[in-house]
$ cat work_38.cif   # mmCIF, C-alpha atoms, pLDDT in the B column; chains and numbers go by the auth columns
data_model
#
loop_
_atom_site.group_PDB
_atom_site.id
_atom_site.type_symbol
_atom_site.label_atom_id
_atom_site.label_comp_id
_atom_site.label_asym_id
_atom_site.label_seq_id
_atom_site.Cartn_x
_atom_site.Cartn_y
_atom_site.Cartn_z
_atom_site.B_iso_or_equiv
_atom_site.auth_seq_id
_atom_site.auth_asym_id
ATOM 1 C CA GLU A 1 -39.231 -61.289 -21.992 62.00 1342 H
ATOM 2 C CA LEU A 2 -36.996 -58.257 -22.325 60.00 1343 H
ATOM 3 C CA LYS A 3 -37.903 -55.371 -24.577 69.00 1344 H
ATOM 4 C CA ILE A 4 -35.106 -53.723 -26.534 70.00 1345 H
ATOM 5 C CA THR A 5 -35.364 -49.961 -26.825 73.00 1346 H
ATOM 6 C CA GLY A 6 -33.007 -47.291 -28.094 75.00 1347 H
ATOM 7 C CA ASP A 7 -29.929 -47.640 -30.252 83.00 1348 H
ATOM 8 C CA TYR A 8 -26.876 -49.322 -28.741 81.00 1349 H
ATOM 9 C CA LEU A 9 -24.577 -47.716 -31.309 87.00 1350 H
ATOM 10 C CA VAL A 10 -25.504 -44.110 -30.416 89.00 1351 H
ATOM 11 C CA LYS A 11 -23.380 -42.242 -27.879 92.00 1352 H
ATOM 12 C CA ARG A 12 -25.559 -40.418 -25.388 90.00 1353 H
ATOM 13 C CA LYS A 13 -25.485 -38.734 -21.993 92.00 1354 H
ATOM 14 C CA ILE A 14 -28.055 -39.691 -19.365 89.00 1355 H
ATOM 15 C CA ILE A 15 -28.603 -37.734 -16.160 92.00 1356 H
ATOM 16 C CA ASP A 16 -29.794 -40.130 -13.454 90.00 1357 H
ATOM 17 C CA VAL A 17 -30.857 -39.592 -9.856 90.00 1358 H
ATOM 18 C CA PHE A 18 -28.639 -41.256 -7.269 83.00 1359 H
ATOM 19 C CA GLY A 19 -30.075 -40.632 -3.819 87.00 1360 H
ATOM 20 C CA LYS A 20 -30.254 -36.858 -3.387 91.00 1361 H
ATOM 21 C CA ASP A 21 -27.740 -36.241 -6.164 93.00 1362 H
ATOM 22 C CA THR A 22 -27.656 -36.576 -9.923 94.00 1363 H
ATOM 23 C CA VAL A 23 -25.108 -38.613 -11.840 91.00 1364 H
ATOM 24 C CA ASN A 24 -23.976 -38.125 -15.426 91.00 1365 H
ATOM 25 C CA ILE A 25 -23.818 -41.404 -17.332 87.00 1366 H
ATOM 26 C CA TRP A 26 -22.484 -41.752 -20.860 86.00 1367 H
ATOM 27 C CA THR A 27 -23.420 -44.744 -22.953 87.00 1368 H
ATOM 28 C CA MET A 28 -21.505 -45.863 -26.015 90.00 1369 H
ATOM 29 C CA PRO A 29 -20.544 -49.087 -27.743 91.00 1370 H
ATOM 30 C CA ILE A 30 -17.767 -51.108 -26.121 92.00 1371 H
ATOM 31 C CA SER A 31 -15.715 -50.712 -29.313 93.00 1372 H
ATOM 32 C CA ASP A 32 -15.667 -46.922 -28.746 94.00 1373 H
ATOM 33 C CA MET A 33 -14.501 -47.431 -25.155 93.00 1374 H
ATOM 34 C CA VAL A 34 -11.750 -49.786 -26.341 94.00 1375 H
ATOM 35 C CA ARG A 35 -10.565 -47.363 -29.039 94.00 1376 H
ATOM 36 C CA THR A 36 -10.507 -44.503 -26.502 92.00 1377 H
ATOM 37 C CA ALA A 37 -8.379 -46.507 -24.057 93.00 1378 H
ATOM 38 C CA ILE A 38 -5.986 -47.725 -26.752 92.00 1379 H
ATOM 39 C CA GLY A 39 -5.800 -44.240 -28.278 91.00 1380 H
ATOM 40 C CA ALA A 40 -4.739 -42.891 -24.878 91.00 1381 H
ATOM 41 C CA GLY A 41 -1.862 -45.392 -24.841 90.00 1382 H
ATOM 42 C CA PHE A 42 -3.335 -48.017 -22.533 93.00 1383 H
ATOM 43 C CA VAL A 43 -3.281 -51.786 -22.902 94.00 1384 H
ATOM 44 C CA ILE A 44 -6.440 -53.620 -21.878 95.00 1385 H
ATOM 45 C CA GLU A 45 -5.509 -56.417 -19.488 94.00 1386 H
ATOM 46 C CA ASP A 46 -9.063 -57.450 -18.628 96.00 1387 H
ATOM 47 C CA LEU A 47 -12.696 -56.545 -19.209 95.00 1388 H
ATOM 48 C CA VAL A 48 -15.580 -57.521 -16.923 95.00 1389 H
ATOM 49 C CA GLU A 49 -19.323 -57.066 -17.360 94.00 1390 H
ATOM 50 C CA PRO A 50 -20.496 -57.565 -13.757 95.00 1391 H
ATOM 51 C CA ARG A 51 -23.547 -59.668 -13.020 95.00 1392 H
ATOM 52 C CA PRO A 52 -25.856 -59.052 -10.085 95.00 1393 H
ATOM 53 C CA LEU A 53 -25.349 -60.943 -6.843 96.00 1394 H
ATOM 54 C CA ASP A 54 -27.815 -63.757 -6.101 96.00 1395 H
ATOM 55 C CA GLU A 55 -29.012 -61.785 -3.060 96.00 1396 H
ATOM 56 C CA MET A 56 -30.525 -59.220 -5.427 96.00 1397 H
ATOM 57 C CA LYS A 57 -33.233 -61.738 -6.418 95.00 1398 H
ATOM 58 C CA VAL A 58 -34.880 -61.161 -3.038 96.00 1399 H
ATOM 59 C CA VAL A 59 -34.540 -57.379 -3.145 95.00 1400 H
ATOM 60 C CA ASN A 60 -35.675 -56.815 -6.736 95.00 1401 H
ATOM 61 C CA ALA A 61 -36.294 -59.932 -8.845 95.00 1402 H
ATOM 62 C CA ARG A 62 -37.201 -57.969 -11.990 93.00 1403 H
ATOM 63 C CA GLU A 63 -33.995 -55.912 -11.959 92.00 1404 H
ATOM 64 C CA TYR A 64 -31.994 -59.032 -11.116 95.00 1405 H
ATOM 65 C CA TYR A 65 -33.400 -60.772 -14.176 92.00 1406 H
ATOM 66 C CA ARG A 66 -32.778 -57.749 -16.420 89.00 1407 H
ATOM 67 C CA LEU A 67 -29.202 -57.227 -15.218 92.00 1408 H
ATOM 68 C CA SER A 68 -28.525 -60.947 -15.585 93.00 1409 H
ATOM 69 C CA LYS A 69 -29.307 -60.612 -19.294 89.00 1410 H
ATOM 70 C CA ILE A 70 -28.061 -57.098 -20.081 86.00 1411 H
ATOM 71 C CA PRO A 71 -25.242 -55.795 -17.853 87.00 1412 H
ATOM 72 C CA GLU A 72 -25.307 -52.041 -17.223 86.00 1413 H
ATOM 73 C CA PHE A 73 -21.618 -51.633 -16.482 88.00 1414 H
ATOM 74 C CA VAL A 74 -18.292 -52.584 -17.953 93.00 1415 H
ATOM 75 C CA ILE A 75 -15.042 -52.544 -15.999 95.00 1416 H
ATOM 76 C CA PHE A 76 -11.679 -52.298 -17.733 96.00 1417 H
ATOM 77 C CA LYS A 77 -8.353 -53.164 -16.143 96.00 1418 H
ATOM 78 C CA LEU A 78 -5.931 -50.926 -18.022 95.00 1419 H
ATOM 79 C CA LEU A 79 -2.155 -50.934 -18.017 93.00 1420 H
ATOM 80 C CA SER A 80 0.125 -48.178 -19.147 89.00 1421 H
ATOM 81 C CA GLY A 81 1.156 -49.137 -22.676 78.00 1422 H
ATOM 82 C CA PRO A 82 4.517 -48.698 -24.376 73.00 1423 H
ATOM 83 C CA CYS A 83 3.420 -45.347 -25.875 60.00 1424 H
ATOM 84 C CA SER A 84 1.355 -44.056 -22.955 54.00 1425 H
ATOM 85 C CA PRO A 85 1.432 -40.270 -22.474 56.00 1426 H
ATOM 86 C CA PHE A 86 1.466 -40.995 -18.726 56.00 1427 H
ATOM 87 C CA ASP A 87 4.950 -42.518 -18.936 57.00 1428 H
ATOM 88 C CA GLU A 88 6.441 -39.017 -18.999 57.00 1429 H
ATOM 89 C CA ILE A 89 4.742 -37.863 -15.782 51.00 1430 H
#
$ encode --input "work_38.cif" --output "structure tokens"
Amino acid sequence: ELKITGDYLVKRKIIDVFGKDTVNIWTMPISDMVRTAIGAGFVIEDLVEPRPLDEMKVVNAREYYRLSKIPEFVIFKLLSGPCSPFDEI
């Protein structure tokens, strides 16, 4: 059973360790991400919430199970829209 903690609707910055380095991660609702992309003049062609590969079950079954239920990433395929500020570059 998964335990839900925190508030999905709150924007927050997380500093995580990635090897010897740290990585800044920002969490926010998908609707905020969509509004940001559209507000910048992009059109969303696709959106993917990646699932872990089956091979991860052997490496870390607990994380595999968690990521199979609650994806940690979202990938947008964005296109320059009709009003994109990047059209003038």
$ residues_around --input "work_38.cif" --residues "Glu1390 in chain H" --least-positions-apart "3" --cutoff "10 Å" --atoms "only C-alpha atoms" --output "PyMOL selection string"
chain H and resi 1393+1411-1417
$ resolve_selection --input "work_38.cif" --expression "the PyMOL selection byres ((chain H and resi 1367) around 12)" --output "list of chain:residue names"
H:Tyr1349, H:Val1351, H:Lys1352, H:Arg1353, H:Lys1354, H:Ile1355, H:Ile1356, H:Asp1357, H:Val1364, H:Asn1365, H:Ile1366, H:Thr1368, H:Met1369, H:Pro1370, H:Ile1371, H:Asp1373, H:Met1374, H:Glu1413, H:Phe1414, H:Val1415
$ write_last_selection --input "work_38.cif" --atoms "C-alpha atoms" --output "PDB file, in the frame of the given file"
ATOM      1  CA  TYR H1349     -26.876 -49.322 -28.741  1.00 81.00           C
ATOM      2  CA  VAL H1351     -25.504 -44.110 -30.416  1.00 89.00           C
ATOM      3  CA  LYS H1352     -23.380 -42.242 -27.879  1.00 92.00           C
ATOM      4  CA  ARG H1353     -25.559 -40.418 -25.388  1.00 90.00           C
ATOM      5  CA  LYS H1354     -25.485 -38.734 -21.993  1.00 92.00           C
ATOM      6  CA  ILE H1355     -28.055 -39.691 -19.365  1.00 89.00           C
ATOM      7  CA  ILE H1356     -28.603 -37.734 -16.160  1.00 92.00           C
ATOM      8  CA  ASP H1357     -29.794 -40.130 -13.454  1.00 90.00           C
ATOM      9  CA  VAL H1364     -25.108 -38.613 -11.840  1.00 91.00           C
ATOM     10  CA  ASN H1365     -23.976 -38.125 -15.426  1.00 91.00           C
ATOM     11  CA  ILE H1366     -23.818 -41.404 -17.332  1.00 87.00           C
ATOM     12  CA  THR H1368     -23.420 -44.744 -22.953  1.00 87.00           C
ATOM     13  CA  MET H1369     -21.505 -45.863 -26.015  1.00 90.00           C
ATOM     14  CA  PRO H1370     -20.544 -49.087 -27.743  1.00 91.00           C
ATOM     15  CA  ILE H1371     -17.767 -51.108 -26.121  1.00 92.00           C
ATOM     16  CA  ASP H1373     -15.667 -46.922 -28.746  1.00 94.00           C
ATOM     17  CA  MET H1374     -14.501 -47.431 -25.155  1.00 93.00           C
ATOM     18  CA  GLU H1413     -25.307 -52.041 -17.223  1.00 86.00           C
ATOM     19  CA  PHE H1414     -21.618 -51.633 -16.482  1.00 88.00           C
ATOM     20  CA  VAL H1415     -18.292 -52.584 -17.953  1.00 93.00           C
TER      21      VAL H1415
END
$ atom_distance --input "work_38.cif" --atom1 "CA of Ala1381 in chain H" --atom2 "CA of Leu1419 in chain H"
10.6 Å
$ atom_distance --input "work_38.cif" --atom1 "CA of Tyr1406 in chain H" --atom2 "CA of Val1375 in chain H"
27.2 Å
$ atom_distance --input "work_38.cif" --atom1 "CA of Val1400 in chain H" --atom2 "CA of Asp1348 in chain H"
29.2 Å
$ resolve_selection --input "work_38.cif" --expression "the PyMOL selection byres ((chain H and resi 1386) around 7)" --output "VMD selection string"
chain H and resid 1384 to 1385 1387 1418 to 1420
$ closest_residue --input "work_38.cif" --among "H:Gly1422, H:Tyr1405, H:Pro1391, H:Val1399" --to "Ile1379 in chain H" --atoms "only C-alpha atoms"
H:Gly1422
$ decode --input "work_38.cif" --residues "range 1345-1359 of chain H" --atoms "N, CA, C and O atoms" --output "PDB file, in the first residue's frame"
ATOM      1  N   ILE H1345       0.218   8.413   0.935  1.00  0.00           N
ATOM      2  CA  ILE H1345       0.223   9.734   0.309  1.00  0.00           C
ATOM      3  C   ILE H1345       0.668  10.755   1.341  1.00  0.00           C
ATOM      4  O   ILE H1345       0.119  10.828   2.437  1.00  0.00           O
ATOM      5  N   THR H1346       1.681  11.533   0.968  1.00  0.00           N
ATOM      6  CA  THR H1346       2.162  12.592   1.850  1.00  0.00           C
ATOM      7  C   THR H1346       2.279  13.875   1.048  1.00  0.00           C
ATOM      8  O   THR H1346       2.419  13.850  -0.163  1.00  0.00           O
ATOM      9  N   GLY H1347       2.248  15.000   1.718  1.00  0.00           N
ATOM     10  CA  GLY H1347       2.424  16.277   1.049  1.00  0.00           C
ATOM     11  C   GLY H1347       1.153  16.740   0.365  1.00  0.00           C
ATOM     12  O   GLY H1347       0.091  16.150   0.501  1.00  0.00           O
ATOM     13  N   ASP H1348       1.291  17.822  -0.379  1.00  0.00           N
ATOM     14  CA  ASP H1348       0.164  18.436  -1.069  1.00  0.00           C
ATOM     15  C   ASP H1348       0.529  18.591  -2.539  1.00  0.00           C
ATOM     16  O   ASP H1348       1.386  19.389  -2.906  1.00  0.00           O
ATOM     17  N   TYR H1349      -0.128  17.830  -3.381  1.00  0.00           N
ATOM     18  CA  TYR H1349       0.131  17.838  -4.820  1.00  0.00           C
ATOM     19  C   TYR H1349      -0.040  19.230  -5.418  1.00  0.00           C
ATOM     20  O   TYR H1349       0.648  19.598  -6.367  1.00  0.00           O
ATOM     21  N   LEU H1350      -0.944  20.018  -4.884  1.00  0.00           N
ATOM     22  CA  LEU H1350      -1.267  21.311  -5.478  1.00  0.00           C
ATOM     23  C   LEU H1350      -0.314  22.434  -5.088  1.00  0.00           C
ATOM     24  O   LEU H1350      -0.432  23.545  -5.591  1.00  0.00           O
ATOM     25  N   VAL H1351       0.656  22.159  -4.224  1.00  0.00           N
ATOM     26  CA  VAL H1351       1.613  23.186  -3.791  1.00  0.00           C
ATOM     27  C   VAL H1351       2.865  23.121  -4.665  1.00  0.00           C
ATOM     28  O   VAL H1351       3.436  22.054  -4.870  1.00  0.00           O
ATOM     29  N   LYS H1352       3.279  24.288  -5.178  1.00  0.00           N
ATOM     30  CA  LYS H1352       4.539  24.355  -5.915  1.00  0.00           C
ATOM     31  C   LYS H1352       5.663  24.359  -4.891  1.00  0.00           C
ATOM     32  O   LYS H1352       5.597  25.056  -3.883  1.00  0.00           O
ATOM     33  N   ARG H1353       6.705  23.565  -5.159  1.00  0.00           N
ATOM     34  CA  ARG H1353       7.825  23.557  -4.228  1.00  0.00           C
ATOM     35  C   ARG H1353       9.108  23.156  -4.949  1.00  0.00           C
ATOM     36  O   ARG H1353       9.080  22.476  -5.970  1.00  0.00           O
ATOM     37  N   LYS H1354      10.226  23.583  -4.365  1.00  0.00           N
ATOM     38  CA  LYS H1354      11.546  23.250  -4.883  1.00  0.00           C
ATOM     39  C   LYS H1354      12.159  22.215  -3.953  1.00  0.00           C
ATOM     40  O   LYS H1354      12.134  22.364  -2.737  1.00  0.00           O
ATOM     41  N   ILE H1355      12.724  21.174  -4.542  1.00  0.00           N
ATOM     42  CA  ILE H1355      13.392  20.114  -3.795  1.00  0.00           C
ATOM     43  C   ILE H1355      14.830  20.057  -4.284  1.00  0.00           C
ATOM     44  O   ILE H1355      15.079  20.077  -5.487  1.00  0.00           O
ATOM     45  N   ILE H1356      15.767  19.999  -3.376  1.00  0.00           N
ATOM     46  CA  ILE H1356      17.175  19.820  -3.748  1.00  0.00           C
ATOM     47  C   ILE H1356      17.517  18.371  -3.452  1.00  0.00           C
ATOM     48  O   ILE H1356      17.433  17.921  -2.309  1.00  0.00           O
ATOM     49  N   ASP H1357      17.870  17.619  -4.489  1.00  0.00           N
ATOM     50  CA  ASP H1357      18.126  16.188  -4.371  1.00  0.00           C
ATOM     51  C   ASP H1357      19.582  15.902  -4.711  1.00  0.00           C
ATOM     52  O   ASP H1357      20.227  16.653  -5.436  1.00  0.00           O
ATOM     53  N   VAL H1358      20.099  14.822  -4.171  1.00  0.00           N
ATOM     54  CA  VAL H1358      21.468  14.403  -4.457  1.00  0.00           C
ATOM     55  C   VAL H1358      21.439  13.457  -5.650  1.00  0.00           C
ATOM     56  O   VAL H1358      20.649  12.521  -5.706  1.00  0.00           O
ATOM     57  N   PHE H1359      22.293  13.746  -6.622  1.00  0.00           N
ATOM     58  CA  PHE H1359      22.405  12.928  -7.823  1.00  0.00           C
ATOM     59  C   PHE H1359      23.877  12.602  -8.004  1.00  0.00           C
ATOM     60  O   PHE H1359      24.641  13.396  -8.535  1.00  0.00           O
TER      61      PHE H1359
END
